[in-house]
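protein.cif follows (mmCIF, C-alpha atoms):
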```
data_input
#
loop_
_atom_site.label_atom_id
_atom_site.label_comp_id
_atom_site.auth_asym_id
_atom_site.auth_seq_id
_atom_site.Cartn_x
_atom_site.Cartn_y
_atom_site.Cartn_z
CA MET C 1 52.89 57.34 -20.37
CA SER C 2 51.63 56.24 -17.03
CA GLY C 3 48.41 56.40 -15.00
CA GLY C 4 46.03 56.95 -17.88
CA LYS C 5 47.27 60.52 -18.58
CA PRO C 6 46.39 61.75 -22.05
CA LEU C 7 49.35 62.18 -24.34
CA SER C 8 48.03 65.49 -25.58
CA ARG C 9 45.13 67.83 -25.04
CA PHE C 10 43.36 66.29 -28.06
CA HIS C 11 41.27 63.18 -27.82
CA GLN C 12 43.22 60.23 -29.11
CA PRO C 13 41.51 57.01 -30.27
CA ILE C 14 44.48 54.93 -29.19
CA GLU C 15 45.00 54.80 -25.45
CA VAL C 16 47.93 53.81 -23.38
CA PRO C 17 48.06 50.03 -22.92
CA GLY C 18 47.45 48.66 -19.46
CA ARG C 19 44.92 46.87 -17.29
CA ARG C 20 41.37 47.99 -18.05
CA LEU C 21 38.99 45.28 -16.81
CA LEU C 22 37.07 46.36 -13.67
CA HIS C 23 39.48 49.29 -13.06
CA HIS C 24 36.73 51.85 -13.55
CA ILE C 25 35.03 50.95 -10.19
CA HIS C 26 35.35 53.94 -7.89
CA LEU C 27 35.04 52.13 -4.55
CA ASN C 28 38.58 51.16 -3.75
CA PHE C 29 37.84 48.16 -1.56
CA VAL C 30 35.54 46.70 -4.21
CA LYS C 31 38.05 47.42 -6.97
CA LYS C 32 40.76 45.75 -4.94
CA LYS C 33 38.66 42.65 -4.52
CA VAL C 34 37.41 42.33 -8.05
CA VAL C 35 40.73 42.91 -9.80
CA GLY C 36 42.30 40.25 -7.59
CA GLY C 37 44.90 42.47 -6.07
CA GLY C 38 45.69 41.69 -2.45
CA GLY C 39 42.87 40.01 -0.45
CA ARG C 40 41.34 36.62 -0.84
CA SER C 41 40.16 35.56 -4.27
CA MET C 42 36.45 35.84 -5.01
CA ASN C 43 36.47 32.51 -6.83
CA GLN C 44 34.68 29.73 -4.96
CA GLU C 45 34.61 26.00 -5.62
CA ILE C 46 31.10 24.60 -5.44
CA PRO C 47 31.25 21.43 -3.29
CA LEU C 48 30.01 19.03 -5.94
CA ILE C 49 31.04 15.77 -4.30
CA PRO C 50 28.52 15.92 -1.39
CA PHE C 51 25.90 17.05 -3.89
CA ILE C 52 26.57 13.99 -6.05
CA ASP C 53 26.49 11.77 -2.95
CA PHE C 54 23.10 13.22 -2.05
CA LEU C 55 21.79 12.66 -5.57
CA LEU C 56 23.07 9.10 -5.56
CA CYS C 57 21.28 8.41 -2.27
CA ILE C 58 18.00 9.73 -3.73
CA VAL C 59 18.48 7.65 -6.88
CA LEU C 60 19.15 4.49 -4.85
CA PHE C 61 16.11 5.09 -2.62
CA LEU C 62 13.84 5.73 -5.60
CA LEU C 63 15.21 2.72 -7.47
CA ALA C 64 14.57 0.53 -4.42
CA SER C 65 10.97 1.72 -4.18
CA PHE C 66 10.42 1.64 -7.95
CA SER C 67 7.63 -0.55 -9.14
CA ALA C 68 7.68 -1.51 -12.80
CA SER C 69 4.08 -2.72 -12.61
CA GLY C 70 2.87 0.66 -11.37
CA GLU C 71 -0.04 1.39 -9.04
CA LEU C 72 -2.46 -1.38 -8.14
CA PRO C 73 -5.03 -1.41 -10.90
CA ILE C 74 -8.29 0.01 -9.56
CA ASP C 75 -11.24 -0.05 -11.86
CA LYS C 76 -12.51 3.51 -12.40
CA ASN C 77 -16.06 2.39 -11.63
CA VAL C 78 -15.12 1.04 -8.21
CA LYS C 79 -15.28 3.33 -5.19
CA LEU C 80 -13.62 1.44 -2.35
CA PRO C 81 -14.68 1.65 1.30
CA ASN C 82 -12.12 2.55 3.97
CA ALA C 83 -11.21 0.68 7.14
CA MET C 84 -9.04 1.25 10.21
CA ASN C 85 -7.88 -2.30 10.93
CA ALA C 86 -6.53 -3.04 7.47
CA ILE C 87 -3.27 -4.81 6.68
CA GLU C 88 -0.69 -4.49 3.90
CA MET C 89 -1.57 -5.50 0.36
CA MET C 90 -0.23 -8.70 -1.11
CA GLU C 91 0.22 -10.17 -4.58
CA ALA C 92 -2.84 -12.14 -5.66
CA PRO C 93 -5.42 -12.21 -8.46
CA ILE C 94 -7.76 -9.21 -8.22
CA VAL C 95 -11.49 -9.63 -8.77
CA ALA C 96 -13.15 -6.25 -9.34
CA VAL C 97 -16.88 -6.06 -8.66
CA THR C 98 -18.55 -2.93 -10.04
CA ALA C 99 -22.23 -2.02 -10.05
CA THR C 100 -22.65 -3.75 -13.42
CA GLN C 101 -19.94 -6.37 -13.96
CA ILE C 102 -17.29 -8.63 -12.46
CA LEU C 103 -13.73 -8.53 -13.78
CA VAL C 104 -10.68 -10.69 -13.05
CA ASP C 105 -7.48 -8.73 -13.65
CA GLY C 106 -9.48 -6.59 -16.11
CA ILE C 107 -11.11 -9.51 -17.96
CA PRO C 108 -14.96 -9.67 -17.78
CA ALA C 109 -16.06 -12.64 -15.67
CA GLY C 110 -19.74 -12.16 -15.00
CA SER C 111 -22.57 -9.73 -14.50
CA THR C 112 -23.44 -8.12 -11.18
CA ARG C 113 -26.85 -7.14 -12.50
CA ALA C 114 -27.76 -10.79 -13.24
CA ILE C 115 -27.06 -11.80 -9.62
CA ILE C 116 -29.09 -8.90 -8.23
CA ASP C 117 -31.99 -9.72 -10.58
CA SER C 118 -31.98 -13.42 -9.63
CA ASN C 119 -32.01 -12.44 -5.90
CA THR C 120 -30.27 -15.68 -4.91
CA LYS C 121 -26.69 -16.46 -3.97
CA GLN C 122 -25.15 -18.34 -6.87
CA LYS C 123 -21.96 -19.73 -8.32
CA ILE C 124 -20.62 -17.48 -11.09
CA GLU C 125 -19.48 -19.90 -13.80
CA GLU C 126 -17.23 -17.55 -15.80
CA LEU C 127 -15.48 -16.32 -12.68
CA SER C 128 -15.02 -19.86 -11.44
CA GLU C 129 -13.47 -20.96 -14.76
CA ILE C 130 -11.06 -18.02 -14.91
CA LEU C 131 -9.95 -18.51 -11.31
CA LYS C 132 -9.48 -22.26 -11.83
CA ASN C 133 -7.38 -21.59 -14.94
CA LYS C 134 -5.26 -19.14 -12.96
CA ARG C 135 -4.77 -21.73 -10.24
CA GLU C 136 -3.73 -24.38 -12.77
CA LEU C 137 -1.30 -21.98 -14.39
CA TRP C 138 0.22 -21.16 -11.00
CA LYS C 139 0.63 -24.86 -10.21
CA GLN C 140 2.35 -25.45 -13.55
CA LEU C 141 4.73 -22.55 -12.95
CA LYS C 142 5.53 -23.53 -9.35
CA PRO C 143 4.95 -27.29 -9.11
CA ASN C 144 6.90 -27.70 -5.86
CA GLU C 145 5.15 -24.97 -3.88
CA PRO C 146 1.79 -25.26 -2.13
CA PHE C 147 -0.88 -23.06 -3.71
CA PRO C 148 -1.58 -20.12 -1.35
CA GLY C 149 -5.22 -19.67 -2.46
CA ASN C 150 -5.24 -15.90 -2.01
CA VAL C 151 -7.61 -13.68 -3.93
CA ILE C 152 -8.35 -9.98 -3.49
CA LEU C 153 -11.88 -8.66 -4.02
CA GLN C 154 -12.08 -5.06 -5.13
CA VAL C 155 -15.73 -4.29 -4.49
CA ASP C 156 -17.58 -1.02 -4.93
CA ARG C 157 -18.99 0.23 -1.62
CA LYS C 158 -22.57 0.34 -2.97
CA VAL C 159 -22.64 -3.27 -4.21
CA PRO C 160 -25.13 -5.38 -2.19
CA ALA C 161 -23.90 -8.17 0.10
CA LEU C 162 -25.63 -10.78 -2.09
CA VAL C 163 -23.15 -10.15 -4.90
CA VAL C 164 -20.22 -10.13 -2.48
CA LYS C 165 -21.33 -13.45 -0.98
CA SER C 166 -21.75 -14.98 -4.46
CA VAL C 167 -18.25 -13.88 -5.53
CA PHE C 168 -16.81 -14.96 -2.18
CA GLN C 169 -18.38 -18.42 -2.43
CA THR C 170 -17.37 -18.84 -6.08
CA ALA C 171 -13.77 -17.92 -5.26
CA ALA C 172 -13.71 -20.30 -2.29
CA PHE C 173 -14.99 -23.23 -4.34
CA ALA C 174 -12.56 -22.41 -7.18
CA GLY C 175 -9.70 -23.07 -4.74
CA TYR C 176 -9.19 -19.62 -3.23
CA PRO C 177 -10.31 -19.85 0.41
CA ALA C 178 -8.14 -16.92 1.59
CA VAL C 179 -10.24 -14.00 0.43
CA SER C 180 -9.27 -10.39 1.16
CA PHE C 181 -11.21 -7.21 0.51
CA MET C 182 -9.32 -4.24 -0.87
CA VAL C 183 -9.97 -1.10 1.17
CA GLY C 184 -8.49 2.33 1.67
CA ARG C 185 -6.81 3.19 4.95
CA LEU C 186 -8.79 5.12 7.53
CA ALA C 187 -6.78 6.84 10.27
CA LYS C 188 -7.17 5.17 13.68
CA GLU C 189 -8.85 7.26 16.38
CA MET Y 1 36.48 20.11 -9.46
CA ALA Y 2 37.26 16.42 -9.52
CA GLY Y 3 40.30 15.44 -11.56
CA ILE Y 4 43.15 13.00 -11.90
CA ASP Y 5 46.54 14.61 -11.38
CA THR Y 6 49.61 12.47 -12.01
CA GLY Y 7 51.93 15.43 -11.87
CA GLY Y 8 53.37 14.81 -15.38
CA GLY Y 9 53.20 16.92 -18.47
CA HIS Y 10 56.88 17.93 -18.70
CA GLY Y 11 59.39 17.22 -21.41
CA GLY Y 12 57.16 17.81 -24.39
CA LYS Y 13 54.82 14.92 -23.61
CA ARG Y 14 51.12 15.41 -23.35
CA SER Y 15 49.98 15.81 -19.75
CA SER Y 16 48.12 12.85 -18.31
CA ASN Y 17 46.06 15.02 -15.95
CA HIS Y 18 42.37 14.69 -16.57
CA GLU Y 19 39.29 16.51 -15.35
CA ILE Y 20 36.35 14.15 -14.74
CA PRO Y 21 33.32 15.64 -16.51
CA LEU Y 22 31.06 16.01 -13.46
CA ILE Y 23 28.50 18.34 -14.99
CA PRO Y 24 27.04 15.79 -17.48
CA PHE Y 25 27.14 13.20 -14.71
CA ILE Y 26 25.10 15.47 -12.42
CA ASP Y 27 22.72 16.22 -15.30
CA PHE Y 28 22.23 12.50 -15.84
CA LEU Y 29 21.59 11.91 -12.13
CA LEU Y 30 19.08 14.75 -12.01
CA CYS Y 31 17.23 13.31 -15.03
CA LEU Y 32 17.16 9.92 -13.32
CA VAL Y 33 15.83 11.45 -10.09
CA MET Y 34 13.11 13.31 -11.98
CA PHE Y 35 12.06 10.20 -13.91
CA LEU Y 36 11.92 8.08 -10.76
CA LEU Y 37 10.00 10.75 -8.85
CA VAL Y 38 7.45 11.09 -11.65
CA THR Y 39 6.92 7.33 -11.91
CA ALA Y 40 7.11 6.71 -8.14
CA VAL Y 41 4.22 4.77 -6.65
CA TRP Y 42 3.07 5.25 -3.10
CA SER Y 43 0.16 2.92 -2.66
CA HIS Y 44 -2.45 3.73 -0.01
CA MET Y 45 -4.38 0.56 -0.56
CA ALA Y 46 -4.77 -2.04 2.14
CA ARG Y 47 -6.86 -5.16 2.66
CA ILE Y 48 -9.17 -6.76 5.18
CA GLU Y 49 -9.01 -10.52 5.43
CA ALA Y 50 -11.84 -12.98 5.48
CA ASP Y 51 -11.57 -16.69 5.08
CA ALA Y 52 -13.93 -19.21 3.63
CA LYS Y 53 -14.30 -22.26 5.83
CA VAL Y 54 -14.54 -24.72 2.96
CA PRO Y 55 -13.52 -28.37 3.17
CA GLY Y 56 -10.17 -29.15 1.59
CA PRO Y 57 -8.68 -32.49 0.51
CA PRO Y 58 -8.36 -34.99 3.40
CA ARG Y 59 -5.02 -34.93 5.22
CA GLU Y 60 -3.24 -37.86 6.87
CA ASP Y 61 -2.80 -36.01 10.17
CA GLU Y 62 -6.44 -34.95 10.29
CA GLN Y 63 -8.26 -35.73 13.53
CA ASP Y 64 -11.31 -37.96 13.40
CA LYS Y 65 -13.28 -35.90 15.87
CA ILE Y 66 -12.86 -32.16 16.21
CA GLU Y 67 -14.06 -30.60 19.44
CA PRO Y 68 -16.43 -27.71 18.73
CA GLU Y 69 -14.95 -24.35 19.69
CA LYS Y 70 -16.63 -21.20 20.82
CA GLU Y 71 -17.49 -18.94 17.89
CA LEU Y 72 -18.86 -15.42 17.86
CA HIS Y 73 -21.82 -14.96 15.52
CA VAL Y 74 -22.37 -11.32 14.59
CA HIS Y 75 -25.84 -10.67 13.18
CA ALA Y 76 -26.14 -7.28 11.45
CA LYS Y 77 -29.82 -6.41 11.76
CA GLU Y 78 -31.68 -3.32 10.70
CA ARG Y 79 -31.68 -1.55 14.10
CA LYS Y 80 -29.21 -3.55 16.18
CA PHE Y 81 -26.31 -5.98 16.16
CA GLN Y 82 -26.80 -9.31 17.86
CA LEU Y 83 -23.68 -10.99 19.27
CA VAL Y 84 -24.05 -14.70 20.02
CA TRP Y 85 -21.28 -16.93 21.38
CA LYS Y 86 -21.96 -20.49 20.35
CA GLU Y 87 -20.16 -23.74 21.09
CA GLY Y 88 -21.38 -26.06 18.37
CA SER Y 89 -25.14 -25.59 18.52
CA THR Y 90 -25.14 -24.54 22.19
CA VAL Y 91 -25.59 -20.84 22.84
CA VAL Y 92 -23.10 -19.70 25.50
CA GLU Y 93 -24.04 -16.03 25.66
CA GLU Y 94 -26.15 -13.61 23.74
CA SER Y 95 -26.09 -9.82 23.78
CA GLU Y 96 -27.20 -6.89 21.66
CA VAL Y 97 -25.75 -3.54 20.63
CA GLU Y 98 -27.71 -0.69 19.11
CA ARG Y 99 -26.80 0.02 15.53
CA VAL Y 100 -25.26 3.46 16.07
CA SER Y 101 -23.21 4.48 13.05
CA VAL Y 102 -20.64 7.27 12.94
CA ASN Y 103 -19.85 8.75 9.54
CA VAL Y 104 -16.19 9.42 8.73
CA GLY Y 105 -16.28 11.24 5.39
CA ASP Y 106 -18.19 8.93 3.04
CA ASP Y 107 -17.51 5.91 5.26
CA VAL Y 108 -19.57 4.39 8.03
CA THR Y 109 -18.06 3.09 11.29
CA PHE Y 110 -19.59 1.31 14.29
CA PRO Y 111 -17.49 2.30 17.32
CA GLU Y 112 -20.03 0.97 19.85
CA LEU Y 113 -20.00 -2.44 18.17
CA ALA Y 114 -16.18 -2.42 18.15
CA LYS Y 115 -16.13 -1.68 21.91
CA LYS Y 116 -18.66 -4.40 22.67
CA ILE Y 117 -16.81 -7.00 20.58
CA GLY Y 118 -13.54 -6.05 22.34
CA LYS Y 119 -15.19 -6.64 25.73
CA GLN Y 120 -16.79 -9.88 24.54
CA TRP Y 121 -13.43 -11.21 23.39
CA THR Y 122 -11.87 -10.32 26.75
CA ASP Y 123 -14.62 -12.32 28.50
CA HIS Y 124 -14.97 -15.28 26.13
CA GLY Y 125 -11.97 -15.40 23.77
CA SER Y 126 -10.20 -18.78 23.84
CA HIS Y 127 -6.98 -18.03 21.95
CA ARG Y 128 -5.08 -15.23 23.66
CA ALA Y 129 -1.55 -16.47 24.27
CA ALA Y 130 1.07 -15.13 21.84
CA ALA Y 131 2.27 -18.69 21.15
CA ASP Y 132 -1.26 -19.88 20.29
CA LYS Y 133 -1.39 -20.42 16.54
CA LYS Y 134 -5.18 -20.61 16.46
CA PHE Y 135 -7.51 -17.65 16.39
CA ASP Y 136 -11.02 -17.11 17.65
CA ARG Y 137 -13.54 -17.25 14.86
CA ALA Y 138 -16.28 -14.73 14.14
CA ILE Y 139 -19.07 -15.46 11.70
CA LEU Y 140 -20.81 -12.56 10.04
CA HIS Y 141 -24.50 -12.79 9.20
CA THR Y 142 -25.75 -9.99 6.96
CA ASP Y 143 -28.83 -9.29 4.95
CA ASN Y 144 -28.39 -9.75 1.19
CA ASN Y 145 -29.28 -6.10 0.57
CA THR Y 146 -26.66 -4.67 2.95
CA GLU Y 147 -24.23 -2.41 1.11
CA PHE Y 148 -20.63 -3.59 0.94
CA GLY Y 149 -19.48 -0.38 2.68
CA VAL Y 150 -21.52 -1.39 5.74
CA VAL Y 151 -20.21 -4.98 5.59
CA ILE Y 152 -16.65 -3.61 5.69
CA ALA Y 153 -17.56 -1.35 8.63
CA VAL Y 154 -18.81 -4.40 10.57
CA LEU Y 155 -15.70 -6.40 9.61
CA ASP Y 156 -13.56 -3.47 10.73
CA ALA Y 157 -15.32 -3.48 14.10
CA VAL Y 158 -14.79 -7.24 14.47
CA TYR Y 159 -11.08 -6.78 13.73
CA THR Y 160 -10.71 -4.08 16.42
CA PRO Y 161 -9.68 -6.34 19.37
CA GLN Y 162 -5.98 -7.14 18.94
CA ARG Y 163 -3.81 -9.85 20.48
CA GLU Y 164 -0.14 -10.67 20.49
CA PHE Y 165 1.07 -13.29 18.03
CA LEU Y 166 4.49 -14.88 18.00
CA VAL Y 167 6.22 -14.71 14.59
CA GLY Y 168 9.68 -16.24 14.89
CA ASN Y 169 11.17 -14.53 17.95
CA LYS Y 170 9.07 -11.40 17.65
CA THR Y 171 5.56 -10.74 18.87
CA GLU Y 172 3.23 -8.77 16.64
CA GLU Y 173 -0.15 -7.17 17.30
CA VAL Y 174 -2.74 -8.92 15.11
CA PRO Y 175 -6.55 -8.97 15.05
CA ALA Y 176 -7.94 -11.42 17.61
CA PHE Y 177 -10.57 -12.84 15.27
CA HIS Y 178 -10.62 -14.60 11.94
CA VAL Y 179 -13.83 -13.72 10.16
CA THR Y 180 -15.92 -15.67 7.72
CA PHE Y 181 -19.37 -15.17 6.22
CA ALA Y 182 -22.37 -17.23 7.20
CA ALA Y 183 -23.71 -19.37 4.37
CA LYS Y 184 -27.43 -20.01 4.23
#
```
Please express the file's structure as structure tokens.
Amino acid sequence: MSGGKPLSRFHQPIEVPGRRLLHHIHLNFVKKKVVGGGGRSMNQEIPLIPFIDFLLCIVLFLLASFSASGELPIDKNVKLPNAMNAIEMMEAPIVAVTATQILVDGIPAGSTRAIIDSNTKQKIEELSEILKNKRELWKQLKPNEPFPGNVILQVDRKVPALVVKSVFQTAAFAGYPAVSFMVGRLAKE
Amino acid sequence: MAGIDTGGGHGGKRSSNHEIPLIPFIDFLLCLVMFLLVTAVWSHMARIEADAKVPGPPREDEQDKIEPEKELHVHAKERKFQLVWKEGSTVVEESEVERVSVNVGDDVTFPELAKKIGKQWTDHGSHRAAADKKFDRAILHTDNNTEFGVVIAVLDAVYTPQREFLVGNKTEEVPAFHVTFAAK
């Protein structure tokens, strides 16, 4: 009854009980390993703890750099110029100047075409009103802090200087003397 | 894997050993990483400063008489740039640079103008010490039809000379000029 010998010369459907799993492998050293007899076990523990630590570090880094407000809103009609000596962006109202219109944080605040047609530097009334309202709102929200007067102009590279000067002057007289121009970064030579 | 083993479980009582379910925890962390990576924002935007020299409300500590300081007037003309150092209405020095533009992709740069302005600041700049809170002023004169891309290129050239500036106990490299636009 031992060693898988047949009980008779006829094929019998019932075989002698015993270990079957992986015993059919002919290479002895492989068989020895896989059936667990002798040598070191083939089972391996995956080192999950350092993996979790790594994941946690990534999560913390991404959470720290997460911005709920998303990318700075750039009007699709504005193609910005690039500059080498640019500095980091800051939080301030954004005035977008496209080839056709002027927008403050996405709200229409004047027409570029009208300024070009008039061919004179002028105060843009709608823009002035919106910026003044924003300033008043800021002062109501932070009554004890001095108003910084920052505004960022997001101007298309093809817009003529006349329009830029008009927007610049309007912003300055609406109480925003610290004007910045949004640009892309150009690598320094 | 990770578990809590108190070594009990004998005498018919239920064992208090527990395996911490790490697999769902890792799945959760991976989902979080993927969400944060997808929504991550790496902004490449920057800004160039300009300030409007407009009168503000009168201050108590304001001086009655302000001595005129040297200012650099940069005139962007069709074929050349004119650089004029003025002290009040007195012209201190005047020089010219050819308008040689170098295209970088779709952008225009004026490296010759940047070099000249750097040299001019070395010769005439008044505010160079790191502890000096004031900056030299440059005033940009441009034609009304000049494209904004060119205006930025000129501003970029004016901002090329850098100086040290004391912020707290540290010194930082900042542009030597503050720029404003000429108003006609």
**Request:** Compile the residues of chain C that lie within 7 Å of chain Y, evaluated using all atoms listed in the file, and express the compilation as a PyMOL selection string.
**Result:** chain C and resi 52+55+58-59+62+66-67+70-71+81-89+157-162+172+177-185
**Prompt:** What is the distance, in Å and to one decimal place, between atom CA of Asp156 of chain C and atom CA of Arg135 of chain C?
**Reply:**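 Between atom CA of Asp156 of chain C and atom CA of Arg135 of chain C the gap is 24.9 Å.
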For segment 41-58 of chain C, take all atoms listed in the file, fit an axis-aligned box around them, add 4 Å to each of the six sides, then output centre and edge lengths in Å rounded to one decimal, as JSON.
```
{"center_x": 29.1, "center_y": 22.1, "center_z": -4.1, "size_x": 30.2, "size_y": 35.4, "size_z": 13.4}
```
**Explicit residues for the PyMOL selection byres ((chain C and resi 130) around 12) (as a PyMOL selection string)** = chain C and resi 93-95+102-110+124-129+131-137+170-171+174-176
**Asked** How many Å lie between atom CA of His18 of chain Y and atom CA of Cys57 of chain C, rounded to one decimal?
**Response**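 So the answer is 26.2 Å.
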**Prompt:** What does the distance between atom CA of Glu112 of chain Y and atom CA of Val78 of chain C come to in Å, to one decimal place?
**Reply:** 28.5 Å
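The closest residue to Glu96 of chain Y, picked from Y:Leu72, Y:Ala176, Y:Ala130, Y:Leu83 and counting only C-alpha atoms, is Y:Leu83.
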